[in-house]
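Visitor: Structure file query03.pdb (PDB, C-alpha atoms (C1' of nucleotides)) right here:
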ATOM      1  CA  MET A   1      16.496 -18.304  15.309
ATOM      2  CA  LYS A   2      14.302 -20.438  13.140
ATOM      3  CA  LYS A   3      15.618 -23.084  10.769
ATOM      4  CA  SER A   4      15.644 -22.250   7.123
ATOM      5  CA  ARG A   5      16.738 -23.885   3.906
ATOM      6  CA  ASN A   6      18.626 -22.493   0.987
ATOM      7  CA  THR A   7      16.283 -23.296  -1.796
ATOM      8  CA  ARG A   8      17.021 -22.298  -5.343
ATOM      9  CA  GLN A   9      13.933 -20.120  -5.306
ATOM     10  CA  ARG A  10      15.099 -18.121  -2.312
ATOM     11  CA  THR A  11      18.589 -17.736  -3.741
ATOM     12  CA  VAL A  12      17.319 -16.561  -7.086
ATOM     13  CA  ILE A  13      14.984 -13.998  -5.563
ATOM     14  CA  LEU A  14      17.670 -12.550  -3.340
ATOM     15  CA  ASP A  15      20.152 -12.473  -6.221
ATOM     16  CA  ILE A  16      17.701 -10.604  -8.399
ATOM     17  CA  LEU A  17      17.308  -7.942  -5.755
ATOM     18  CA  ARG A  18      21.031  -7.705  -5.146
ATOM     19  CA  GLN A  19      21.808  -7.239  -8.796
ATOM     20  CA  THR A  20      19.403  -4.425  -9.554
ATOM     21  CA  ARG A  21      18.726  -0.898  -8.435
ATOM     22  CA  SER A  22      15.316  -0.773 -10.036
ATOM     23  CA  HIS A  23      13.246  -1.463  -6.893
ATOM     24  CA  PRO A  24      11.059  -4.058  -8.633
ATOM     25  CA  SER A  25       7.550  -5.105  -7.680
ATOM     26  CA  ALA A  26       6.748  -8.672  -6.637
ATOM     27  CA  GLU A  27       5.321  -9.314 -10.084
ATOM     28  CA  THR A  28       8.477  -8.045 -11.780
ATOM     29  CA  ILE A  29      10.649 -10.195  -9.529
ATOM     30  CA  TYR A  30       8.408 -13.125 -10.399
ATOM     31  CA  GLN A  31       8.833 -12.565 -14.139
ATOM     32  CA  GLU A  32      12.565 -12.217 -13.725
ATOM     33  CA  ALA A  33      12.822 -15.338 -11.563
ATOM     34  CA  ARG A  34      10.917 -17.364 -14.149
ATOM     35  CA  LYS A  35      13.807 -16.914 -16.536
ATOM     36  CA  SER A  36      15.929 -19.231 -14.425
ATOM     37  CA  LEU A  37      13.160 -21.142 -12.630
ATOM     38  CA  PRO A  38      10.271 -21.416 -15.100
ATOM     39  CA  SER A  39       8.010 -23.198 -12.650
ATOM     40  CA  ILE A  40       8.368 -20.835  -9.707
ATOM     41  CA  SER A  41       5.054 -19.462  -8.484
ATOM     42  CA  LEU A  42       4.052 -15.966  -7.496
ATOM     43  CA  GLY A  43       3.069 -17.268  -4.061
ATOM     44  CA  THR A  44       6.612 -18.471  -3.517
ATOM     45  CA  VAL A  45       7.931 -15.067  -4.463
ATOM     46  CA  TYR A  46       5.687 -13.420  -1.897
ATOM     47  CA  ARG A  47       6.521 -15.972   0.776
ATOM     48  CA  ASN A  48      10.236 -15.466   0.251
ATOM     49  CA  LEU A  49      10.006 -11.714   0.128
ATOM     50  CA  GLY A  50       8.194 -11.903   3.444
ATOM     51  CA  PHE A  51      10.814 -14.193   4.891
ATOM     52  CA  LEU A  52      13.717 -12.104   3.647
ATOM     53  CA  ARG A  53      12.064  -8.995   4.993
ATOM     54  CA  GLU A  54      11.802 -10.582   8.430
ATOM     55  CA  GLN A  55      15.482 -11.457   8.215
ATOM     56  CA  LYS A  56      16.152  -7.821   7.346
ATOM     57  CA  MET A  57      17.790  -8.861   4.106
ATOM     58  CA  VAL A  58      15.144  -7.140   2.025
ATOM     59  CA  LYS A  59      13.221  -3.908   2.433
ATOM     60  CA  GLU A  60       9.715  -3.237   1.283
ATOM     61  CA  ILE A  61       8.921   0.151  -0.214
ATOM     62  CA  ARG A  62       5.395   1.424  -0.501
ATOM     63  CA  ALA A  63       5.573   3.902  -3.303
ATOM     64  CA  ASN A  64       3.494   7.025  -3.403
ATOM     65  CA  GLU A  65       0.240   6.641  -5.342
ATOM     66  CA  GLU A  66       1.137   3.173  -6.529
ATOM     67  CA  ALA A  67      -0.871   0.015  -6.081
ATOM     68  CA  GLY A  68       1.586  -2.568  -4.802
ATOM     69  CA  SER A  69       4.877  -2.657  -2.929
ATOM     70  CA  ARG A  70       8.354  -2.562  -4.356
ATOM     71  CA  PHE A  71      11.433  -4.219  -2.964
ATOM     72  CA  GLU A  72      15.157  -3.757  -2.603
ATOM     73  CA  ALA A  73      18.023  -5.694  -1.047
ATOM     74  CA  ALA A  74      19.083  -4.277   2.302
ATOM     75  CA  LEU A  75      21.676  -1.515   1.954
ATOM     76  CA  PRO A  76      23.092   1.207   4.176
ATOM     77  CA  PRO A  77      20.457   3.834   5.038
ATOM     78  CA  HIS A  78      19.348   5.979   2.137
ATOM     79  CA  ALA A  79      16.298   7.892   0.969
ATOM     80  CA  HIS A  80      14.167   7.292  -2.106
ATOM     81  CA  PHE A  81      13.406   9.625  -4.928
ATOM     82  CA  HIS A  82      10.122   8.833  -6.694
ATOM     83  CA  CYS A  83       9.508  10.169 -10.151
ATOM     84  CA  GLY A  84       5.846  11.086 -10.348
ATOM     85  CA  LEU A  85       5.915  10.756 -14.126
ATOM     86  CA  CYS A  86       7.570   7.421 -14.875
ATOM     87  CA  SER A  87       7.310   5.886 -11.374
ATOM     88  CA  ALA A  88      11.026   5.156 -11.239
ATOM     89  CA  ILE A  89      12.562   5.026  -7.786
ATOM     90  CA  HIS A  90      16.184   6.038  -7.238
ATOM     91  CA  ASP A  91      18.342   5.761  -4.145
ATOM     92  CA  ILE A  92      19.495   9.134  -2.886
ATOM     93  CA  PRO A  93      21.403  10.181   0.231
ATOM     94  CA  LEU A  94      19.623  10.422   3.553
ATOM     95  CA  PRO A  95      20.749  13.542   5.444
ATOM     96  CA  ASP A  96      22.638  12.487   8.574
ATOM     97  CA  ALA A  97      21.022  15.312  10.455
ATOM     98  CA  LEU A  98      17.750  13.384  10.494
ATOM     99  CA  TYR A  99      19.195  10.881  12.924
ATOM    100  CA  ASP A 100      20.131  13.469  15.501
ATOM    101  CA  PHE A 101      17.061  15.558  15.046
ATOM    102  CA  GLY A 102      15.785  14.655  18.511
ATOM    103  CA  TRP A 103      12.435  13.171  17.578
ATOM    104  CA  GLU A 104      11.909  12.210  21.177
ATOM    105  CA  ARG A 105      11.179  15.841  21.902
ATOM    106  CA  SER A 106       7.764  15.203  20.397
ATOM    107  CA  GLU A 107       5.480  14.107  23.184
ATOM    108  CA  PHE A 108       4.259  11.031  21.298
ATOM    109  CA  VAL A 109       7.660   9.668  20.459
ATOM    110  CA  SER A 110       9.352   7.365  22.913
ATOM    111  CA  SER A 111      11.979   5.735  20.719
ATOM    112  CA  VAL A 112      12.930   5.701  17.064
ATOM    113  CA  THR A 113      14.006   2.618  15.177
ATOM    114  CA  ASP A 114      13.806   3.641  11.560
ATOM    115  CA  LEU A 115      13.506   6.565   9.188
ATOM    116  CA  GLU A 116      11.899   6.575   5.774
ATOM    117  CA  LEU A 117      12.220   9.572   3.518
ATOM    118  CA  HIS A 118      10.517   9.801   0.139
ATOM    119  CA  VAL A 119      11.318  12.705  -2.133
ATOM    120  CA  ILE A 120       8.793  13.099  -4.927
ATOM    121  CA  GLY A 121       9.332  14.988  -8.159
ATOM    122  CA  ALA A 122      10.434  14.578 -11.748
ATOM    123  CA  CYS A 123      13.511  12.581 -12.671
ATOM    124  CA  ALA A 124      16.159  13.658 -15.132
ATOM    125  CA  ASP A 125      14.878  11.283 -17.803
ATOM    126  CA  CYS A 126      11.423  12.820 -17.600
ATOM    127  CA  SER A 127      12.675  16.430 -17.691
ATOM    128  CA  PRO A 128      14.800  16.631 -20.865
ATOM    129  CA  SER A 129      15.221  20.379 -20.382
ATOM    130  CA  SER A 130      18.011  19.902 -17.874
ATOM    131  CA  THR A 131      20.686  19.095 -20.458
ATOM    132  CA  GLN A 132      20.108  21.664 -23.226
ATOM    133  CA  ASN A 133      18.528  20.826 -26.637
TER     134      ASN A 133
ATOM    135  CA  MET B 134     -11.749  23.331 -13.029
ATOM    136  CA  LYS B 135     -14.384  20.611 -13.049
ATOM    137  CA  LYS B 136     -17.842  21.009 -11.643
ATOM    138  CA  SER B 137     -18.595  19.446  -8.313
ATOM    139  CA  ARG B 138     -21.470  19.268  -5.901
ATOM    140  CA  ASN B 139     -21.550  19.602  -2.162
ATOM    141  CA  THR B 140     -23.231  16.400  -1.246
ATOM    142  CA  ARG B 141     -23.871  15.492   2.339
ATOM    143  CA  GLN B 142     -21.595  12.508   1.896
ATOM    144  CA  ARG B 143     -18.677  14.633   0.804
ATOM    145  CA  THR B 144     -19.219  17.128   3.583
ATOM    146  CA  VAL B 145     -19.428  14.454   6.243
ATOM    147  CA  ILE B 146     -16.264  12.732   5.049
ATOM    148  CA  LEU B 147     -14.277  15.946   4.980
ATOM    149  CA  ASP B 148     -15.605  16.962   8.385
ATOM    150  CA  ILE B 149     -14.571  13.643   9.872
ATOM    151  CA  LEU B 150     -11.042  14.141   8.629
ATOM    152  CA  ARG B 151     -10.901  17.725   9.812
ATOM    153  CA  GLN B 152     -12.044  16.835  13.270
ATOM    154  CA  THR B 153      -9.589  14.074  14.023
ATOM    155  CA  ARG B 154      -5.879  13.590  14.248
ATOM    156  CA  SER B 155      -6.096   9.815  14.149
ATOM    157  CA  HIS B 156      -5.270   9.321  10.470
ATOM    158  CA  PRO B 157      -8.135   6.888   9.903
ATOM    159  CA  SER B 158      -8.389   4.248   7.210
ATOM    160  CA  ALA B 159     -11.135   4.322   4.586
ATOM    161  CA  GLU B 160     -13.005   1.649   6.533
ATOM    162  CA  THR B 161     -12.811   3.655   9.749
ATOM    163  CA  ILE B 162     -14.034   6.774   7.978
ATOM    164  CA  TYR B 163     -16.875   4.702   6.547
ATOM    165  CA  GLN B 164     -17.913   3.432   9.983
ATOM    166  CA  GLU B 165     -17.784   6.953  11.368
ATOM    167  CA  ALA B 166     -19.738   8.400   8.460
ATOM    168  CA  ARG B 167     -22.475   5.802   8.927
ATOM    169  CA  LYS B 168     -23.290   7.363  12.265
ATOM    170  CA  SER B 169     -24.725  10.406  10.501
ATOM    171  CA  LEU B 170     -25.487   8.863   7.102
ATOM    172  CA  PRO B 171     -26.481   5.246   7.783
ATOM    173  CA  SER B 172     -26.885   4.398   4.130
ATOM    174  CA  ILE B 173     -23.570   5.739   2.859
ATOM    175  CA  SER B 174     -21.570   3.130   1.012
ATOM    176  CA  LEU B 175     -17.905   2.282   1.207
ATOM    177  CA  GLY B 176     -17.591   2.944  -2.513
ATOM    178  CA  THR B 177     -18.760   6.496  -1.956
ATOM    179  CA  VAL B 178     -16.178   6.945   0.757
ATOM    180  CA  TYR B 179     -13.436   5.828  -1.609
ATOM    181  CA  ARG B 180     -14.719   7.965  -4.446
ATOM    182  CA  ASN B 181     -14.813  11.039  -2.256
ATOM    183  CA  LEU B 182     -11.428  10.402  -0.735
ATOM    184  CA  GLY B 183     -10.091  10.182  -4.271
ATOM    185  CA  PHE B 184     -11.827  13.396  -5.279
ATOM    186  CA  LEU B 185     -10.680  15.275  -2.194
ATOM    187  CA  ARG B 186      -7.154  14.026  -2.729
ATOM    188  CA  GLU B 187      -7.166  15.412  -6.265
ATOM    189  CA  GLN B 188      -8.367  18.730  -4.879
ATOM    190  CA  LYS B 189      -5.482  18.574  -2.425
ATOM    191  CA  MET B 190      -7.891  18.794   0.463
ATOM    192  CA  VAL B 191      -6.944  15.364   1.730
ATOM    193  CA  LYS B 192      -3.681  13.488   1.878
ATOM    194  CA  GLU B 193      -3.251   9.754   1.606
ATOM    195  CA  ILE B 194      -0.694   8.092   3.858
ATOM    196  CA  ARG B 195       0.658   4.677   3.088
ATOM    197  CA  ALA B 196       1.776   3.383   6.433
ATOM    198  CA  ASN B 197       4.735   1.131   6.899
ATOM    199  CA  GLU B 198       3.872  -2.586   6.956
ATOM    200  CA  GLU B 199       0.155  -1.917   6.875
ATOM    201  CA  ALA B 200      -2.384  -3.224   4.416
ATOM    202  CA  GLY B 201      -4.400  -0.195   3.363
ATOM    203  CA  SER B 202      -3.996   3.562   3.216
ATOM    204  CA  ARG B 203      -4.789   6.088   5.860
ATOM    205  CA  PHE B 204      -5.993   9.622   5.375
ATOM    206  CA  GLU B 205      -5.753  13.091   6.840
ATOM    207  CA  ALA B 206      -7.129  16.524   6.015
ATOM    208  CA  ALA B 207      -4.555  18.730   4.313
ATOM    209  CA  LEU B 208      -2.419  20.646   6.811
ATOM    210  CA  PRO B 209       0.840  22.561   6.683
ATOM    211  CA  PRO B 210       3.793  20.260   5.918
ATOM    212  CA  HIS B 211       4.676  17.835   8.680
ATOM    213  CA  ALA B 212       6.202  14.402   9.122
ATOM    214  CA  HIS B 213       4.551  11.270  10.487
ATOM    215  CA  PHE B 214       5.570   9.156  13.409
ATOM    216  CA  HIS B 215       4.406   5.546  13.142
ATOM    217  CA  CYS B 216       4.259   3.404  16.251
ATOM    218  CA  GLY B 217       5.318  -0.084  15.254
ATOM    219  CA  LEU B 218       3.451  -1.540  18.201
ATOM    220  CA  CYS B 219      -0.029  -0.002  18.151
ATOM    221  CA  SER B 220       0.057   1.363  14.569
ATOM    222  CA  ALA B 221      -0.866   4.845  15.715
ATOM    223  CA  ILE B 222       0.314   7.686  13.523
ATOM    224  CA  HIS B 223       1.147  11.082  14.973
ATOM    225  CA  ASP B 224       1.988  14.334  13.271
ATOM    226  CA  ILE B 225       5.469  15.559  14.094
ATOM    227  CA  PRO B 226       7.550  18.458  12.786
ATOM    228  CA  LEU B 227       9.256  18.202   9.437
ATOM    229  CA  PRO B 228      12.764  19.695   9.631
ATOM    230  CA  ASP B 229      12.924  22.794   7.423
ATOM    231  CA  ALA B 230      16.412  21.814   6.384
ATOM    232  CA  LEU B 231      14.957  19.054   4.211
ATOM    233  CA  TYR B 232      13.579  21.602   1.781
ATOM    234  CA  ASP B 233      16.900  23.263   1.161
ATOM    235  CA  PHE B 234      18.881  20.073   1.120
ATOM    236  CA  GLY B 235      19.644  20.410  -2.578
ATOM    237  CA  TRP B 236      18.199  17.132  -3.828
ATOM    238  CA  GLU B 237      18.877  18.216  -7.356
ATOM    239  CA  ARG B 238      22.544  17.470  -6.743
ATOM    240  CA  SER B 239      21.608  13.820  -7.189
ATOM    241  CA  GLU B 240      21.973  12.994 -10.833
ATOM    242  CA  PHE B 241      18.508  11.418 -11.102
ATOM    243  CA  VAL B 242      16.637  14.327  -9.569
ATOM    244  CA  SER B 243      15.449  17.101 -11.822
ATOM    245  CA  SER B 244      12.832  18.772  -9.642
ATOM    246  CA  VAL B 245      11.180  18.147  -6.287
ATOM    247  CA  THR B 246       7.510  18.682  -5.584
ATOM    248  CA  ASP B 247       6.931  16.915  -2.299
ATOM    249  CA  LEU B 248       8.609  15.369   0.713
ATOM    250  CA  GLU B 249       7.340  12.525   2.841
ATOM    251  CA  LEU B 250       9.092  11.592   6.035
ATOM    252  CA  HIS B 251       8.068   8.639   8.159
ATOM    253  CA  VAL B 252       9.701   8.109  11.522
ATOM    254  CA  ILE B 253       9.124   4.646  12.898
ATOM    255  CA  GLY B 254       9.459   3.576  16.507
ATOM    256  CA  ALA B 255       7.527   3.116  19.729
ATOM    257  CA  CYS B 256       5.069   5.721  20.945
ATOM    258  CA  ALA B 257       4.793   6.995  24.490
ATOM    259  CA  ASP B 258       1.651   4.982  25.166
ATOM    260  CA  CYS B 259       3.425   1.766  24.174
ATOM    261  CA  SER B 260       6.561   2.468  26.246
ATOM    262  CA  PRO B 261       5.231   2.934  29.778
ATOM    263  CA  SER B 262       8.802   3.111  31.087
ATOM    264  CA  SER B 263       9.113   6.783  30.228
ATOM    265  CA  THR B 264       6.954   7.947  33.115
ATOM    266  CA  GLN B 265       8.070   5.675  35.955
ATOM    267  CA  ASN B 266       5.838   2.749  36.946
TER     268      ASN B 266
ATOM    269  C1'  DG C 267     -33.885  19.518 -16.435
ATOM    270  C1'  DT C 268     -29.347  17.796 -16.408
ATOM    271  C1'  DA C 269     -25.325  15.966 -15.041
ATOM    272  C1'  DA C 270     -22.713  14.924 -10.934
ATOM    273  C1'  DT C 271     -23.018  11.661  -7.387
ATOM    274  C1'  DT C 272     -24.850   7.804  -4.842
ATOM    275  C1'  DG C 273     -25.740   2.790  -3.491
ATOM    276  C1'  DC C 274     -25.124  -1.633  -4.710
ATOM    277  C1'  DA C 275     -22.773  -5.324  -6.312
ATOM    278  C1'  DA C 276     -19.551  -7.176  -9.206
ATOM    279  C1'  DA C 277     -14.725  -6.785 -10.643
ATOM    280  C1'  DA C 278     -10.055  -6.001 -10.234
ATOM    281  C1'  DG C 279      -5.496  -6.109  -8.092
ATOM    282  C1'  DA C 280      -2.345  -7.383  -4.601
ATOM    283  C1'  DT C 281      -1.178 -10.474  -1.182
ATOM    284  C1'  DT C 282      -1.991 -14.490   1.838
ATOM    285  C1'  DT C 283      -3.048 -19.132   2.901
ATOM    286  C1'  DG C 284      -4.398 -24.291   2.914
ATOM    287  C1'  DC C 285      -3.028 -28.422   1.273
ATOM    288  C1'  DC C 286      -0.435 -31.922  -0.529
ATOM    289  C1'  DC C 287       3.884 -33.089  -2.638
ATOM    290  C1'  DC C 288       8.845 -32.510  -3.089
ATOM    291  C1'  DA C 289      13.636 -31.439  -1.893
ATOM    292  C1'  DT C 290      17.055 -29.864   1.434
ATOM    293  C1'  DT C 291      19.344 -31.095   5.383
TER     294       DT C 291
ATOM    295  C1'  DA D 292      13.387 -39.607   7.397
ATOM    296  C1'  DA D 293      11.943 -35.454   8.859
ATOM    297  C1'  DT D 294      10.204 -31.148   7.841
ATOM    298  C1'  DG D 295      10.872 -26.627   5.672
ATOM    299  C1'  DG D 296       9.536 -24.975   1.515
ATOM    300  C1'  DG D 297       7.268 -25.119  -3.233
ATOM    301  C1'  DG D 298       3.282 -25.158  -6.557
ATOM    302  C1'  DC D 299      -1.321 -24.483  -7.268
ATOM    303  C1'  DA D 300      -5.596 -22.611  -6.454
ATOM    304  C1'  DA D 301      -8.827 -20.728  -3.505
ATOM    305  C1'  DA D 302      -9.480 -17.131  -0.222
ATOM    306  C1'  DT D 303      -8.835 -12.376   1.653
ATOM    307  C1'  DC D 304      -8.427  -7.678   1.680
ATOM    308  C1'  DT D 305      -8.430  -3.199  -0.259
ATOM    309  C1'  DT D 306      -9.822  -0.372  -3.816
ATOM    310  C1'  DT D 307     -12.162   0.451  -8.270
ATOM    311  C1'  DT D 308     -15.908   0.435 -11.430
ATOM    312  C1'  DG D 309     -20.498  -0.190 -14.175
ATOM    313  C1'  DC D 310     -25.060   0.997 -13.883
ATOM    314  C1'  DA D 311     -29.564   2.495 -12.741
ATOM    315  C1'  DA D 312     -31.612   5.624  -9.491
ATOM    316  C1'  DT D 313     -31.148   9.935  -7.001
ATOM    317  C1'  DT D 314     -30.212  14.687  -5.969
ATOM    318  C1'  DA D 315     -27.713  19.137  -6.001
ATOM    319  C1'  DC D 316     -27.689  23.045  -8.688
TER     320       DC D 316
END
Any chance you could give the structure as structure tokens?
Guide:
Amino acid sequence: MKKSRNTRQRTVILDILRQTRSHPSAETIYQEARKSLPSISLGTVYRNLGFLREQKMVKEIRANEEAGSRFEAALPPHAHFHCGLCSAIHDIPLPDALYDFGWERSEFVSSVTDLELHVIGACADCSPSSTQN
Amino acid sequence: MKKSRNTRQRTVILDILRQTRSHPSAETIYQEARKSLPSISLGTVYRNLGFLREQKMVKEIRANEEAGSRFEAALPPHAHFHCGLCSAIHDIPLPDALYDFGWERSEFVSSVTDLELHVIGACADCSPSSTQN
DNA sequence: GTAATTGCAAAAGATTTGCCCCATT
DNA sequence: AATGGGGCAAATCTTTTGCAATTAC
């Protein structure tokens, strides 16, 4: 394992991700980090997100139809719900059955290491009809 | 519905996607298209991919850990298997159960329009062990 | 003829990288 | 003090866009 240092920048970035469920973009994390470290640079944010991703402490999410990536602190397996209207991403349960589905039955598949499920639709906030009036 | 013309460029691009299962990138489609239309430009490829995506004739796939998008001609619903070693993408079955899972039970989810499942792992070609020596 | 579409090149956006300085260990 | 990491800016990469010329209808 490679040596690493606990810099304030790295700590702040990881804390931001651990304290939110908003799946922020690198730019959003940067803006948030500037509140406590005004001189942090966007490059540092990217470098740390890359590092933390390698350490499996952070996950990168490539949202449907969106330009950049979004990030979240590592959590137990879950799926993502993407609202096509407001672009919000919410964590939702990942059906256990997907793990035992037997993907290896497909001729191309030798082994499976990860599953990513994106459910796209409209979120409650964007569909006011759900709760009457 | 908006007017559109059947240009040779558009036809060639759609044909390329319909004749392959390799989920090519825009750049790859461009290189392939140049074989029959040497003067086609990359911008035209992007513009047509965008148009065909709006018409739901083409789907854009944002692969895990990869820079750009990849594309495929519209087909019945299926999932994608991504080989983490060679970056190949293969079509695999999408469990029917995912449609009836009842996503709307999640408080954030109002309605669902699409599902995207990515299974990540090693493909048969990259794991020679499967078929001995 | 007319308007959609192309080719080209410039622009935009997101992410990465080189370099030199600074701070953690 | 050694060196991993930061800041800054330039570089890359992918995708988009403005515009004049072209072409499908």
Visitor: Can I get the residues of chain A within 10 Å of chain C, each with the closest pair of atoms and their distance in Å to one decimal, using all atoms listed in the file, sorted chain first then ascending number, as a tab-separated table?
Guide:
residue	atom	partner	partner_atom	distance
A:Ser4	CA	C:DT290	C1'	9.6
A:Arg5	CA	C:DT290	C1'	6.5
A:Asn6	CA	C:DT290	C1'	7.5
A:Thr7	CA	C:DT290	C1'	7.4
A:Ala26	CA	C:DA280	C1'	9.4
A:Glu27	CA	C:DA280	C1'	9.6
A:Leu42	CA	C:DT281	C1'	9.9
A:Gly43	CA	C:DT282	C1'	8.3
A:Tyr46	CA	C:DT281	C1'	7.5
A:Arg47	CA	C:DT282	C1'	8.7
A:Ala67	CA	C:DA280	C1'	7.7
A:Gly68	CA	C:DA280	C1'	6.2
A:Ser69	CA	C:DA280	C1'	8.8
Visitor: With the PyMOL selection byres ((chain B and resi 224-239) around 6) as the selection, what would be picked from this file? Answer as a list of chain:residue names, please.
Guide: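 Going through the file, the PyMOL selection byres ((chain B and resi 224-239) around 6) ends up selecting B:His211, B:Ala212, B:His213, B:His223, B:Glu240, B:Phe241, B:Val242, B:Ser243.
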Visitor: Starting from the shown file, work through the PyMOL selection byres ((chain D) within 9 of (chain B)) and note down what comes out as a VMD selection string.
Guide: chain D and resid 304 to 307 314 to 316
Visitor: Evaluate the PyMOL selection byres ((chain B) within 7 of (chain A)) against this structure - the residues, as a list of chain:residue names, please.
Guide: B:Arg195, B:Ile225, B:Ser239, B:Phe241, B:Val242, B:Ser243, B:Ser244, B:Val245, B:Thr246, B:Asp247, B:Leu248, B:Glu249, B:Leu250, B:His251, B:Val252, B:Ile253, B:Gly254, B:Ala255, B:Cys256, B:Ala257, B:Ser260
Visitor: What's the separation between atom CA of B:Arg167 and atom CA of B:Arg186, in Å to one decimal place?
Guide: 20.9 Å
Visitor: Just the number, please: distance in Å from atom CA of B:Gly183 to atom C1' of D:DA302, one decimal.
Guide: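 Atom CA of B:Gly183 sits 27.6 Å away from atom C1' of D:DA302.
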Visitor: Could you please determine the separation between atom CA of B:Thr177 and atom C1' of D:DA301 in Å, to one decimal place?
Guide: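 Here the two named atoms are 29.0 Å from each other.
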Visitor: In the coordinate frame of the file, compute which residues have an atom within 8 Å of (15.0, -2.8, 5.0) when using all atoms listed in the file, and state them as a PyMOL selection string.
Guide: chain A and resi 53+56-60+72-75
Visitor: Would you give the centre and edge lengths, in Å to one decimal, of a box along x, y and z around the listed atoms of stretch 275-291 of chain C, with 4 Å added to each side, as AutoDock Vina command-line options?
Guide:
--center_x -1.7 --center_y -19.2 --center_z -2.6 --size_x 50.1 --size_y 35.8 --size_z 24.0
